[in-house]
Amino acid sequence: METTLRGVGVSHGVAIGEIRHMGTAVLEPPARQIPGSEAPREQRRARQALQAVAADLTARGFLAGGDAQAVLEAQALMVRDPELLADVERRVAVGSTAERAVYDACAAYRDLLLGAGEYLAGRVADLEDVRNRIVARLLGVPMPGVPDSDEPYVLVARDLAPADTALLDTALVLGIVTEEGGPTSHSAILARALGVPAVVGVPGAAELPESTVLAVDGSTGEVIVDPSAARQDGLRALAEQRKAELAAAKDPGRTSDGHLVPLLANIGGPADVEAALEAGAEGVGLLRTEFFALSTTGSEEAPSESSQVEAYREVLSAFPGRRVVVRVLDAGADKPLGFLSPADEPNPALGMRGVRTLLQHPEVLRTQLLALTKAAEGLPVHLEVMAPMVADRDDARAFAEACRAAGVRASVGVMVETPSAALRARALLREVEFLSVGTNDLAQYAFAADRQAATLSRLQDPWHPALLDLVAMTAEAARAEGKSCGVCGEAAADPLLACVLTGLGVTSLSMAPSALSRVRAALATCTLAQCRRAAAAARSADSPEEARLAARAVLSGE
Ligand code: PEP
Ligand code: MG
């Protein structure tokens, strides 16, 4: 029987398929004593599990190729280490189960790595993944991480880490449903970047049995469990119709009376360029370089200058004569990078992240800036470089100085993601040439509401008039200084809100490529004066709902 679950639709489109659950972290197996007679059988189970996991890692390496293959092969070598097997067998011989012996042997191995210098300590996360894989196989529970499947499926998870999503194969993942995560969480952003229909914050999703058929409507936020055949046909037809309607024009972004608002793409690296171009992006408003760092070296090692030059050049050469705004690494909080983020912060979202981290690791920032400069050499692109999580003028000045010292030939800007940056936007503009409002973090910090927490999604609503005030203040400061102020947070992807942001004075909008056509179509239906009236109406409301209704009333001429 069909049932319907509801969450927040965060990436448009319809997906119908069977559930595969994201494997969760393996629990610690109980320390149970087995009789000596069972030891040979347990040792055999352990040996077989080690062999199977090593073979699986090698096979995945072959499939992945490149740097990922090197990482997976190094993990396979850990599993094949004869010392590991010998230790497991010893532990079983004195009464451990196979899974407990693996667990304990890996813990001992881990201590060894931790004590063996920085490089080997960096392999601890790989060892933990290996341990989880072996223990999961022995316990007969799903493998941690992205499921193994040759058939396309709907991925269901409690939440997704950037490291998981960066490796998703879009040929296999039809749709994404998560139990946690809000509209601005990284699972949502990545799903949009991948163009995969997704619904987040769906209570009960993680409990649905494996292989259940789901129909996911990323536009309405509905997740239909066991949909009837008629329902499936209806949803597919609706999805086709929506697609056809939007495939229309790829004109530049403008209001109906010709006020230009460049529509740019948010991308995570070269793999997203094609989708951006296909959707008619007029450039890139946000290149999130940390996703590229994660997908090349994992989170433990800084990507080399040469690998960065290659990737950036691929992106920059795809946009001749256009703007490409590259954000330097935004490590920390929800996007931890092992080589930059401290492991033991009590409150990472309020701790070392973004530009704060980079200013503490000037060599990482300098390498990235040098790579960008080299990548842009001889290309007719308008390169712009910006820093995330800037709190004040000192941050902006330090970033601008780092750019000058590295010989960066690009416009230098900062993101407005903290209330302090919005309040003192004019001061920031004495140091840099442009601003870009990151509404995801600006909401998180303005409302003191963790953007990862589904239960707080009310406070992550970019329609909140308090957030609109902060955007208005920032745009006004940029206007007064004769400089530009874009929005690259998820707010820009909401067609109605895009009109309101235009009315607030924002000069460009950057979003996931899949959102561009809807925003373009919405802007083309209203004049700049209407946008301004809608913005004023939204700001005089007291809640996100009222603001939305007030803006809609103005824009639809009610
Ligand atoms: C934002 O905070 O709005 C933003 C665009 O940056 P990110 O979502 O990558 O933190
Ligand atoms: Mg941000």
# chains A, B, ... in the order shown; residues from 1 in each chain; ligands from 1

$ residues_around --residues "A:Leu160" --least-positions-apart "4" --cutoff "12 Å" --atoms "only C-alpha atoms" --output "PyMOL selection string"
chain A and resi 21-24+144-146+155-156+164-168+176-182+185-191+198+200-201+334-335+452

$ residues_around --residues "A:Leu208" --least-positions-apart "3" --cutoff "10 Å" --atoms "only C-alpha atoms" --output "list in words"
Ile19, Arg20, His21, Val156, Gly204, Ala205, Ser211, Thr212, Val213, Leu214 and Val225 of chain A

$ residues_near_ligand --ligand "ligand 2" --cutoff "7 Å" --atoms "only C-alpha atoms and all ligand atoms" --output "MDAnalysis selection string"
chainID A and resid 388:389 417 438 440:441

$ residues_around --residues "A:Ala375" --least-positions-apart "5" --cutoff "10 Å" --atoms "only C-alpha atoms" --output "VMD selection string"
chain A and resid 306 308 to 317 369 to 370 383

$ write_last_selection --atoms "all heavy atoms" --output "mmCIF file, in the first residue's frame"
data_model
loop_
_atom_site.group_PDB
_atom_site.id
_atom_site.type_symbol
_atom_site.label_atom_id
_atom_site.label_comp_id
_atom_site.auth_asym_id
_atom_site.auth_seq_id
_atom_site.Cartn_x
_atom_site.Cartn_y
_atom_site.Cartn_z
ATOM 1 N N SER A 306 50.319 21.392 -8.943
ATOM 2 C CA SER A 306 50.107 21.037 -10.358
ATOM 3 C C SER A 306 48.712 20.443 -10.581
ATOM 4 O O SER A 306 48.061 20.733 -11.589
ATOM 5 C CB SER A 306 51.192 20.088 -10.843
ATOM 6 O OG SER A 306 51.157 18.926 -10.061
ATOM 7 N N GLN A 308 46.105 21.206 -8.937
ATOM 8 C CA GLN A 308 45.170 22.337 -8.875
ATOM 9 C C GLN A 308 45.208 23.140 -10.175
ATOM 10 O O GLN A 308 44.164 23.496 -10.724
ATOM 11 C CB GLN A 308 45.519 23.256 -7.705
ATOM 12 C CG GLN A 308 45.288 22.618 -6.351
ATOM 13 C CD GLN A 308 45.424 23.638 -5.228
ATOM 14 O OE1 GLN A 308 44.670 24.584 -5.136
ATOM 15 N NE2 GLN A 308 46.381 23.443 -4.357
ATOM 16 N N VAL A 309 46.418 23.398 -10.684
ATOM 17 C CA VAL A 309 46.529 24.181 -11.923
ATOM 18 C C VAL A 309 45.705 23.490 -13.010
ATOM 19 O O VAL A 309 44.906 24.125 -13.719
ATOM 20 C CB VAL A 309 48.008 24.297 -12.381
ATOM 21 C CG1 VAL A 309 48.089 24.957 -13.756
ATOM 22 C CG2 VAL A 309 48.819 25.094 -11.372
ATOM 23 N N GLU A 310 45.873 22.183 -13.112
ATOM 24 C CA GLU A 310 45.190 21.429 -14.172
ATOM 25 C C GLU A 310 43.667 21.562 -14.051
ATOM 26 O O GLU A 310 42.963 21.863 -15.013
ATOM 27 C CB GLU A 310 45.608 19.961 -14.037
ATOM 28 C CG GLU A 310 45.359 19.139 -15.264
ATOM 29 C CD GLU A 310 45.753 17.695 -14.967
ATOM 30 O OE1 GLU A 310 46.856 17.471 -14.416
ATOM 31 O OE2 GLU A 310 44.937 16.811 -15.246
ATOM 32 N N ALA A 311 43.165 21.356 -12.819
ATOM 33 C CA ALA A 311 41.703 21.399 -12.629
ATOM 34 C C ALA A 311 41.160 22.808 -12.854
ATOM 35 O O ALA A 311 40.141 23.005 -13.524
ATOM 36 C CB ALA A 311 41.360 20.918 -11.233
ATOM 37 N N TYR A 312 41.842 23.824 -12.299
ATOM 38 C CA TYR A 312 41.344 25.196 -12.451
ATOM 39 C C TYR A 312 41.371 25.606 -13.924
ATOM 40 O O TYR A 312 40.469 26.281 -14.412
ATOM 41 C CB TYR A 312 42.172 26.184 -11.622
ATOM 42 C CG TYR A 312 42.188 25.892 -10.128
ATOM 43 C CD1 TYR A 312 43.263 26.255 -9.327
ATOM 44 C CD2 TYR A 312 41.117 25.247 -9.516
ATOM 45 C CE1 TYR A 312 43.279 25.988 -7.967
ATOM 46 C CE2 TYR A 312 41.127 24.979 -8.157
ATOM 47 C CZ TYR A 312 42.214 25.339 -7.387
ATOM 48 O OH TYR A 312 42.219 25.067 -6.050
ATOM 49 N N ARG A 313 42.435 25.182 -14.628
ATOM 50 C CA ARG A 313 42.549 25.586 -16.030
ATOM 51 C C ARG A 313 41.394 24.989 -16.848
ATOM 52 O O ARG A 313 40.851 25.619 -17.743
ATOM 53 C CB ARG A 313 43.905 25.148 -16.598
ATOM 54 C CG ARG A 313 44.278 25.919 -17.829
ATOM 55 C CD ARG A 313 45.749 25.812 -18.172
ATOM 56 N NE ARG A 313 45.987 26.391 -19.483
ATOM 57 C CZ ARG A 313 46.242 27.669 -19.715
ATOM 58 N NH1 ARG A 313 46.312 28.518 -18.707
ATOM 59 N NH2 ARG A 313 46.429 28.114 -20.943
ATOM 60 N N GLU A 314 41.037 23.759 -16.492
ATOM 61 C CA GLU A 314 39.929 23.127 -17.204
ATOM 62 C C GLU A 314 38.645 23.954 -17.016
ATOM 63 O O GLU A 314 37.873 24.149 -17.947
ATOM 64 C CB GLU A 314 39.732 21.719 -16.637
ATOM 65 C CG GLU A 314 39.320 20.711 -17.681
ATOM 66 C CD GLU A 314 39.221 19.327 -17.067
ATOM 67 O OE1 GLU A 314 40.126 18.919 -16.301
ATOM 68 O OE2 GLU A 314 38.216 18.651 -17.363
ATOM 69 N N VAL A 315 38.432 24.424 -15.807
ATOM 70 C CA VAL A 315 37.230 25.236 -15.549
ATOM 71 C C VAL A 315 37.350 26.587 -16.251
ATOM 72 O O VAL A 315 36.450 27.010 -16.986
ATOM 73 C CB VAL A 315 37.028 25.447 -14.028
ATOM 74 C CG1 VAL A 315 35.887 26.415 -13.777
ATOM 75 C CG2 VAL A 315 36.756 24.115 -13.333
ATOM 76 N N LEU A 316 38.498 27.259 -16.050
ATOM 77 C CA LEU A 316 38.639 28.633 -16.558
ATOM 78 C C LEU A 316 38.560 28.673 -18.078
ATOM 79 O O LEU A 316 38.001 29.611 -18.661
ATOM 80 C CB LEU A 316 39.973 29.233 -16.088
ATOM 81 C CG LEU A 316 40.124 29.401 -14.565
ATOM 82 C CD1 LEU A 316 41.506 29.936 -14.211
ATOM 83 C CD2 LEU A 316 39.057 30.339 -14.014
ATOM 84 N N SER A 317 39.098 27.644 -18.740
ATOM 85 C CA SER A 317 39.106 27.702 -20.208
ATOM 86 C C SER A 317 37.712 27.461 -20.789
ATOM 87 O O SER A 317 37.471 27.732 -21.961
ATOM 88 C CB SER A 317 40.124 26.719 -20.785
ATOM 89 O OG SER A 317 39.853 25.451 -20.282
ATOM 90 N N LEU A 369 46.671 30.088 -4.412
ATOM 91 C CA LEU A 369 46.659 31.340 -5.180
ATOM 92 C C LEU A 369 47.635 31.269 -6.362
ATOM 93 O O LEU A 369 47.333 31.739 -7.465
ATOM 94 C CB LEU A 369 46.998 32.520 -4.264
ATOM 95 C CG LEU A 369 45.960 32.813 -3.163
ATOM 96 C CD1 LEU A 369 46.472 33.866 -2.193
ATOM 97 C CD2 LEU A 369 44.620 33.259 -3.776
ATOM 98 N N LEU A 370 48.804 30.647 -6.126
ATOM 99 C CA LEU A 370 49.769 30.502 -7.226
ATOM 100 C C LEU A 370 49.176 29.612 -8.315
ATOM 101 O O LEU A 370 49.296 29.885 -9.514
ATOM 102 C CB LEU A 370 51.083 29.891 -6.723
ATOM 103 C CG LEU A 370 51.927 30.791 -5.815
ATOM 104 C CD1 LEU A 370 53.146 30.038 -5.288
ATOM 105 C CD2 LEU A 370 52.394 32.049 -6.569
ATOM 106 N N LEU A 383 39.001 36.275 -14.110
ATOM 107 C CA LEU A 383 39.144 35.516 -12.870
ATOM 108 C C LEU A 383 38.874 36.420 -11.661
ATOM 109 O O LEU A 383 39.353 37.552 -11.600
ATOM 110 C CB LEU A 383 40.565 34.952 -12.779
ATOM 111 C CG LEU A 383 40.934 34.251 -11.473
ATOM 112 C CD1 LEU A 383 40.071 33.003 -11.253
ATOM 113 C CD2 LEU A 383 42.418 33.859 -11.468
#

$ closest_atom_pairs --of "chain A" --to "ligand 1" --cutoff "10 Å" --atoms "only C-alpha atoms and all ligand atoms" --output "Markdown table"
| residue | atom | partner | partner_atom_place_in_ligand_line | distance |
| --- | --- | --- | --- | --- |
| A:Thr184 | CA | ligand 1 | 8 (O) | 6.6 |
| A:Ser185 | CA | ligand 1 | 8 (O) | 7.5 |
| A:His186 | CA | ligand 1 | 8 (O) | 7.0 |
| A:Ala188 | CA | ligand 1 | 8 (O) | 9.7 |
| A:Ile189 | CA | ligand 1 | 8 (O) | 7.3 |
| A:Leu190 | CA | ligand 1 | 8 (O) | 9.9 |
| A:Asn266 | CA | ligand 1 | 5 (C) | 8.2 |
| A:Gly268 | CA | ligand 1 | 9 (O) | 9.5 |
| A:Gly285 | CA | ligand 1 | 5 (C) | 9.5 |
| A:Leu286 | CA | ligand 1 | 5 (C) | 7.3 |
| A:Leu287 | CA | ligand 1 | 9 (O) | 9.1 |
| A:Arg288 | CA | ligand 1 | 9 (O) | 6.4 |
| A:Thr289 | CA | ligand 1 | 9 (O) | 9.3 |
| A:Glu290 | CA | ligand 1 | 9 (O) | 8.7 |
| A:Phe291 | CA | ligand 1 | 9 (O) | 9.3 |
| A:Arg327 | CA | ligand 1 | 9 (O) | 9.0 |
| A:Leu329 | CA | ligand 1 | 9 (O) | 9.7 |
| A:Asp330 | CA | ligand 1 | 9 (O) | 7.2 |
| A:Ala331 | CA | ligand 1 | 10 (O) | 9.4 |
| A:Gly332 | CA | ligand 1 | 10 (O) | 9.8 |
| A:Ala333 | CA | ligand 1 | 10 (O) | 9.4 |
| A:Asp334 | CA | ligand 1 | 10 (O) | 8.1 |
| A:Lys335 | CA | ligand 1 | 10 (O) | 8.2 |
| A:Gly354 | CA | ligand 1 | 10 (O) | 8.9 |
| A:Pro388 | CA | ligand 1 | 6 (O) | 7.4 |
| A:Met389 | CA | ligand 1 | 2 (O) | 8.2 |
| A:Met415 | CA | ligand 1 | 4 (C) | 8.1 |
| A:Val416 | CA | ligand 1 | 2 (O) | 8.4 |
| A:Glu417 | CA | ligand 1 | 2 (O) | 6.0 |
| A:Thr418 | CA | ligand 1 | 2 (O) | 9.2 |
| A:Ser436 | CA | ligand 1 | 5 (C) | 8.4 |
| A:Val437 | CA | ligand 1 | 3 (O) | 6.6 |
| A:Gly438 | CA | ligand 1 | 3 (O) | 2.9 |
| A:Thr439 | CA | ligand 1 | 3 (O) | 4.0 |
| A:Asn440 | CA | ligand 1 | 3 (O) | 3.5 |
| A:Asp441 | CA | ligand 1 | 2 (O) | 3.8 |
| A:Leu442 | CA | ligand 1 | 2 (O) | 6.3 |
| A:Ala443 | CA | ligand 1 | 3 (O) | 8.2 |
| A:Gln444 | CA | ligand 1 | 2 (O) | 8.3 |
| A:Tyr445 | CA | ligand 1 | 2 (O) | 9.7 |
| A:Arg451 | CA | ligand 1 | 2 (O) | 9.4 |
| A:Val487 | CA | ligand 1 | 5 (C) | 7.9 |
| A:Cys488 | CA | ligand 1 | 5 (C) | 4.9 |
| A:Gly489 | CA | ligand 1 | 3 (O) | 3.4 |
| A:Glu490 | CA | ligand 1 | 3 (O) | 6.2 |
| A:Ala491 | CA | ligand 1 | 3 (O) | 8.0 |
| A:Ala492 | CA | ligand 1 | 3 (O) | 9.5 |
| A:Ser510 | CA | ligand 1 | 5 (C) | 8.8 |
| A:Met511 | CA | ligand 1 | 5 (C) | 8.7 |

$ write_last_selection --atoms "C-alpha atoms" --output "PDB file, in the first residue's frame"
ATOM      1  CA  THR A 184      21.381  24.321   2.813  1.00  0.00           C
ATOM      2  CA  SER A 185      23.201  21.222   4.077  1.00  0.00           C
ATOM      3  CA  HIS A 186      25.957  19.889   1.892  1.00  0.00           C
ATOM      4  CA  ALA A 188      21.409  19.234  -0.573  1.00  0.00           C
ATOM      5  CA  ILE A 189      24.006  21.349  -2.335  1.00  0.00           C
ATOM      6  CA  LEU A 190      25.776  18.350  -3.783  1.00  0.00           C
ATOM      7  CA  ASN A 266      27.838  27.211  -8.450  1.00  0.00           C
ATOM      8  CA  GLY A 268      32.529  22.016  -7.437  1.00  0.00           C
ATOM      9  CA  GLY A 285      29.737  32.657  -9.366  1.00  0.00           C
ATOM     10  CA  LEU A 286      31.144  30.105  -6.934  1.00  0.00           C
ATOM     11  CA  LEU A 287      33.743  27.429  -7.544  1.00  0.00           C
ATOM     12  CA  ARG A 288      33.813  25.492  -4.274  1.00  0.00           C
ATOM     13  CA  THR A 289      37.406  24.305  -4.343  1.00  0.00           C
ATOM     14  CA  GLU A 290      37.124  22.147  -1.234  1.00  0.00           C
ATOM     15  CA  PHE A 291      34.984  19.601  -3.093  1.00  0.00           C
ATOM     16  CA  ARG A 327      36.530  30.582  -3.617  1.00  0.00           C
ATOM     17  CA  LEU A 329      39.400  26.499   0.425  1.00  0.00           C
ATOM     18  CA  ASP A 330      36.539  26.719   2.893  1.00  0.00           C
ATOM     19  CA  ALA A 331      37.716  24.046   5.310  1.00  0.00           C
ATOM     20  CA  GLY A 332      36.153  23.421   8.689  1.00  0.00           C
ATOM     21  CA  ALA A 333      32.770  22.799  10.328  1.00  0.00           C
ATOM     22  CA  ASP A 334      30.587  20.915   7.847  1.00  0.00           C
ATOM     23  CA  LYS A 335      33.454  20.645   5.327  1.00  0.00           C
ATOM     24  CA  GLY A 354      37.292  29.377   6.012  1.00  0.00           C
ATOM     25  CA  PRO A 388      34.953  32.486   2.806  1.00  0.00           C
ATOM     26  CA  MET A 389      33.946  33.240   6.420  1.00  0.00           C
ATOM     27  CA  MET A 415      32.032  36.403   1.033  1.00  0.00           C
ATOM     28  CA  VAL A 416      29.514  37.903   3.383  1.00  0.00           C
ATOM     29  CA  GLU A 417      28.564  34.983   5.596  1.00  0.00           C
ATOM     30  CA  THR A 418      28.692  36.475   9.059  1.00  0.00           C
ATOM     31  CA  SER A 436      29.335  37.736  -2.536  1.00  0.00           C
ATOM     32  CA  VAL A 437      26.653  36.901   0.008  1.00  0.00           C
ATOM     33  CA  GLY A 438      26.667  33.292   1.203  1.00  0.00           C
ATOM     34  CA  THR A 439      23.113  33.125   2.481  1.00  0.00           C
ATOM     35  CA  ASN A 440      23.520  29.562   3.775  1.00  0.00           C
ATOM     36  CA  ASP A 441      26.075  30.519   6.374  1.00  0.00           C
ATOM     37  CA  LEU A 442      24.700  34.004   6.835  1.00  0.00           C
ATOM     38  CA  ALA A 443      21.430  32.380   7.978  1.00  0.00           C
ATOM     39  CA  GLN A 444      23.280  29.891  10.161  1.00  0.00           C
ATOM     40  CA  TYR A 445      25.155  32.660  11.957  1.00  0.00           C
ATOM     41  CA  ARG A 451      22.613  24.502   9.028  1.00  0.00           C
ATOM     42  CA  VAL A 487      24.464  36.188  -3.927  1.00  0.00           C
ATOM     43  CA  CYS A 488      25.855  32.672  -4.203  1.00  0.00           C
ATOM     44  CA  GLY A 489      23.966  30.966  -1.376  1.00  0.00           C
ATOM     45  CA  GLU A 490      21.005  28.704  -1.976  1.00  0.00           C
ATOM     46  CA  ALA A 491      18.620  31.662  -1.705  1.00  0.00           C
ATOM     47  CA  ALA A 492      19.533  32.595  -5.278  1.00  0.00           C
ATOM     48  CA  SER A 510      24.796  32.240  -8.615  1.00  0.00           C
ATOM     49  CA  MET A 511      23.191  28.843  -8.146  1.00  0.00           C
TER      50      MET A 511
END

$ select_by_dssp --residues "stretch 162-310 of chain A" --states "helix (DSSP H, G or I)" --output "PyMOL selection string"
chain A and resi 162-166+186-194+205-207+229-246+270-278+289-297+305-310

$ write_last_selection --atoms "C-alpha atoms" --output "PDB file, in the first residue's frame"
ATOM      1  CA  PRO A 162      30.832  15.683   1.421  1.00  0.00           C
ATOM      2  CA  ALA A 163      33.397  12.868   1.152  1.00  0.00           C
ATOM      3  CA  ASP A 164      30.579  10.375   0.441  1.00  0.00           C
ATOM      4  CA  THR A 165      28.742  12.534  -2.031  1.00  0.00           C
ATOM      5  CA  ALA A 166      31.862  13.566  -3.920  1.00  0.00           C
ATOM      6  CA  HIS A 186      25.957  19.889   1.892  1.00  0.00           C
ATOM      7  CA  SER A 187      23.955  16.824   0.886  1.00  0.00           C
ATOM      8  CA  ALA A 188      21.409  19.234  -0.573  1.00  0.00           C
ATOM      9  CA  ILE A 189      24.006  21.349  -2.335  1.00  0.00           C
ATOM     10  CA  LEU A 190      25.776  18.350  -3.783  1.00  0.00           C
ATOM     11  CA  ALA A 191      22.554  16.719  -4.916  1.00  0.00           C
ATOM     12  CA  ARG A 192      21.704  19.887  -6.799  1.00  0.00           C
ATOM     13  CA  ALA A 193      25.204  20.061  -8.253  1.00  0.00           C
ATOM     14  CA  LEU A 194      24.867  16.482  -9.451  1.00  0.00           C
ATOM     15  CA  ALA A 205      13.486   7.392   5.893  1.00  0.00           C
ATOM     16  CA  ALA A 206      16.440   5.583   7.438  1.00  0.00           C
ATOM     17  CA  GLU A 207      14.095   2.880   8.816  1.00  0.00           C
ATOM     18  CA  ALA A 229       2.045   1.669 -11.264  1.00  0.00           C
ATOM     19  CA  ALA A 230      -0.428   4.418 -12.144  1.00  0.00           C
ATOM     20  CA  ARG A 231       1.249   6.812  -9.730  1.00  0.00           C
ATOM     21  CA  GLN A 232       4.681   6.016 -11.184  1.00  0.00           C
ATOM     22  CA  ASP A 233       3.440   6.715 -14.735  1.00  0.00           C
ATOM     23  CA  GLY A 234       1.818   9.963 -13.625  1.00  0.00           C
ATOM     24  CA  LEU A 235       4.999  11.186 -11.919  1.00  0.00           C
ATOM     25  CA  ARG A 236       7.185  10.316 -14.894  1.00  0.00           C
ATOM     26  CA  ALA A 237       4.886  12.217 -17.254  1.00  0.00           C
ATOM     27  CA  LEU A 238       4.880  15.225 -14.928  1.00  0.00           C
ATOM     28  CA  ALA A 239       8.682  15.220 -14.750  1.00  0.00           C
ATOM     29  CA  GLU A 240       8.956  15.162 -18.560  1.00  0.00           C
ATOM     30  CA  GLN A 241       6.503  18.030 -18.876  1.00  0.00           C
ATOM     31  CA  ARG A 242       8.404  20.173 -16.315  1.00  0.00           C
ATOM     32  CA  LYS A 243      11.674  19.489 -18.122  1.00  0.00           C
ATOM     33  CA  ALA A 244      10.313  20.435 -21.543  1.00  0.00           C
ATOM     34  CA  GLU A 245       8.862  23.695 -20.221  1.00  0.00           C
ATOM     35  CA  LEU A 246      12.193  24.751 -18.825  1.00  0.00           C
ATOM     36  CA  PRO A 270      35.639  20.458 -13.844  1.00  0.00           C
ATOM     37  CA  ALA A 271      33.023  17.699 -13.739  1.00  0.00           C
ATOM     38  CA  ASP A 272      30.257  20.286 -13.286  1.00  0.00           C
ATOM     39  CA  VAL A 273      31.285  22.550 -16.164  1.00  0.00           C
ATOM     40  CA  GLU A 274      29.221  20.816 -18.807  1.00  0.00           C
ATOM     41  CA  ALA A 275      25.998  21.077 -16.806  1.00  0.00           C
ATOM     42  CA  ALA A 276      26.694  24.779 -16.189  1.00  0.00           C
ATOM     43  CA  LEU A 277      27.250  25.493 -19.878  1.00  0.00           C
ATOM     44  CA  GLU A 278      24.242  23.451 -20.912  1.00  0.00           C
ATOM     45  CA  THR A 289      37.406  24.305  -4.343  1.00  0.00           C
ATOM     46  CA  GLU A 290      37.124  22.147  -1.234  1.00  0.00           C
ATOM     47  CA  PHE A 291      34.984  19.601  -3.093  1.00  0.00           C
ATOM     48  CA  PHE A 292      37.750  19.284  -5.644  1.00  0.00           C
ATOM     49  CA  ALA A 293      40.310  18.848  -2.847  1.00  0.00           C
ATOM     50  CA  LEU A 294      38.171  16.114  -1.305  1.00  0.00           C
ATOM     51  CA  SER A 295      37.657  14.225  -4.519  1.00  0.00           C
ATOM     52  CA  THR A 296      41.334  14.223  -5.506  1.00  0.00           C
ATOM     53  CA  THR A 297      43.304  13.518  -2.361  1.00  0.00           C
ATOM     54  CA  GLU A 305      49.919  22.826  -7.009  1.00  0.00           C
ATOM     55  CA  SER A 306      50.107  21.037 -10.358  1.00  0.00           C
ATOM     56  CA  SER A 307      46.869  19.083  -9.844  1.00  0.00           C
ATOM     57  CA  GLN A 308      45.170  22.337  -8.875  1.00  0.00           C
ATOM     58  CA  VAL A 309      46.529  24.181 -11.923  1.00  0.00           C
ATOM     59  CA  GLU A 310      45.190  21.429 -14.172  1.00  0.00           C
TER      60      GLU A 310
END

$ residues_around --residues "stretch 493-502 of chain A" --least-positions-apart "6" --cutoff "7 Å" --atoms "only C-alpha atoms" --output "PDB file with N, CA and C atoms, in the first residue's frame"
ATOM      1  N   MET A 511      23.975  29.971  -8.676  1.00  0.00           N
ATOM      2  CA  MET A 511      23.191  28.843  -8.146  1.00  0.00           C
ATOM      3  C   MET A 511      23.597  27.540  -8.826  1.00  0.00           C
ATOM      4  N   ALA A 515      19.114  24.975 -11.337  1.00  0.00           N
ATOM      5  CA  ALA A 515      18.130  25.994 -10.938  1.00  0.00           C
ATOM      6  C   ALA A 515      18.073  27.158 -11.916  1.00  0.00           C
ATOM      7  N   ARG A 518      14.782  28.027 -14.153  1.00  0.00           N
ATOM      8  CA  ARG A 518      13.614  28.513 -13.405  1.00  0.00           C
ATOM      9  C   ARG A 518      13.808  29.961 -12.967  1.00  0.00           C
ATOM     10  N   VAL A 519      15.004  30.262 -12.510  1.00  0.00           N
ATOM     11  CA  VAL A 519      15.268  31.633 -12.055  1.00  0.00           C
ATOM     12  C   VAL A 519      15.215  32.588 -13.244  1.00  0.00           C
ATOM     13  N   ALA A 522      11.637  33.247 -14.108  1.00  0.00           N
ATOM     14  CA  ALA A 522      10.938  34.094 -13.134  1.00  0.00           C
ATOM     15  C   ALA A 522      11.328  35.558 -13.295  1.00  0.00           C
ATOM     16  N   LEU A 523      12.638  35.814 -13.449  1.00  0.00           N
ATOM     17  CA  LEU A 523      13.107  37.207 -13.578  1.00  0.00           C
ATOM     18  C   LEU A 523      12.490  37.884 -14.802  1.00  0.00           C
ATOM     19  N   CYS A 531      10.311  44.185  -8.690  1.00  0.00           N
ATOM     20  CA  CYS A 531      11.249  43.471  -7.801  1.00  0.00           C
ATOM     21  C   CYS A 531      11.499  44.314  -6.554  1.00  0.00           C
ATOM     22  N   ARG A 532      11.678  45.609  -6.757  1.00  0.00           N
ATOM     23  CA  ARG A 532      11.953  46.484  -5.602  1.00  0.00           C
ATOM     24  C   ARG A 532      10.751  46.534  -4.660  1.00  0.00           C
ATOM     25  N   ALA A 534       8.501  44.198  -4.354  1.00  0.00           N
ATOM     26  CA  ALA A 534       8.397  42.879  -3.706  1.00  0.00           C
ATOM     27  C   ALA A 534       9.396  42.783  -2.564  1.00  0.00           C
ATOM     28  N   ALA A 535      10.600  43.334  -2.783  1.00  0.00           N
ATOM     29  CA  ALA A 535      11.635  43.289  -1.738  1.00  0.00           C
ATOM     30  C   ALA A 535      11.177  44.100  -0.523  1.00  0.00           C
TER      31      ALA A 535
END

$ residues_around --residues "A:Lys483" --least-positions-apart "3" --cutoff "8 Å" --atoms "only C-alpha atoms" --output "PyMOL selection string"
chain A and resi 429+433-434+478-480

$ residues_around --residues "A:Val261" --least-positions-apart "3" --cutoff "10 Å" --atoms "only C-alpha atoms" --output "number ranges by chain"
A: 252-255, 258, 264, 282, 486, 498-499, 502, 505-509, 520, 523

$ residues_around --residues "A:Arg44" --least-positions-apart "4" --cutoff "12 Å" --atoms "only C-alpha atoms" --output "list in words"
Glu38, Ala39, Pro40, Gln48, Ala49, Leu50, Gln51, Leu85, Val88, Glu89, Val92, Ala93, Thr97, Ala98, Glu99 and Leu138 of chain A

$ closest_residue --among "A:Ala477, A:Ala537, A:Ala472, A:Val216" --to "A:Gly7" --atoms "only C-alpha atoms"
A:Val216

$ atom_distance --atom1 "atom CA of A:Arg100" --atom2 "atom CA of A:Arg32"
7.9 Å
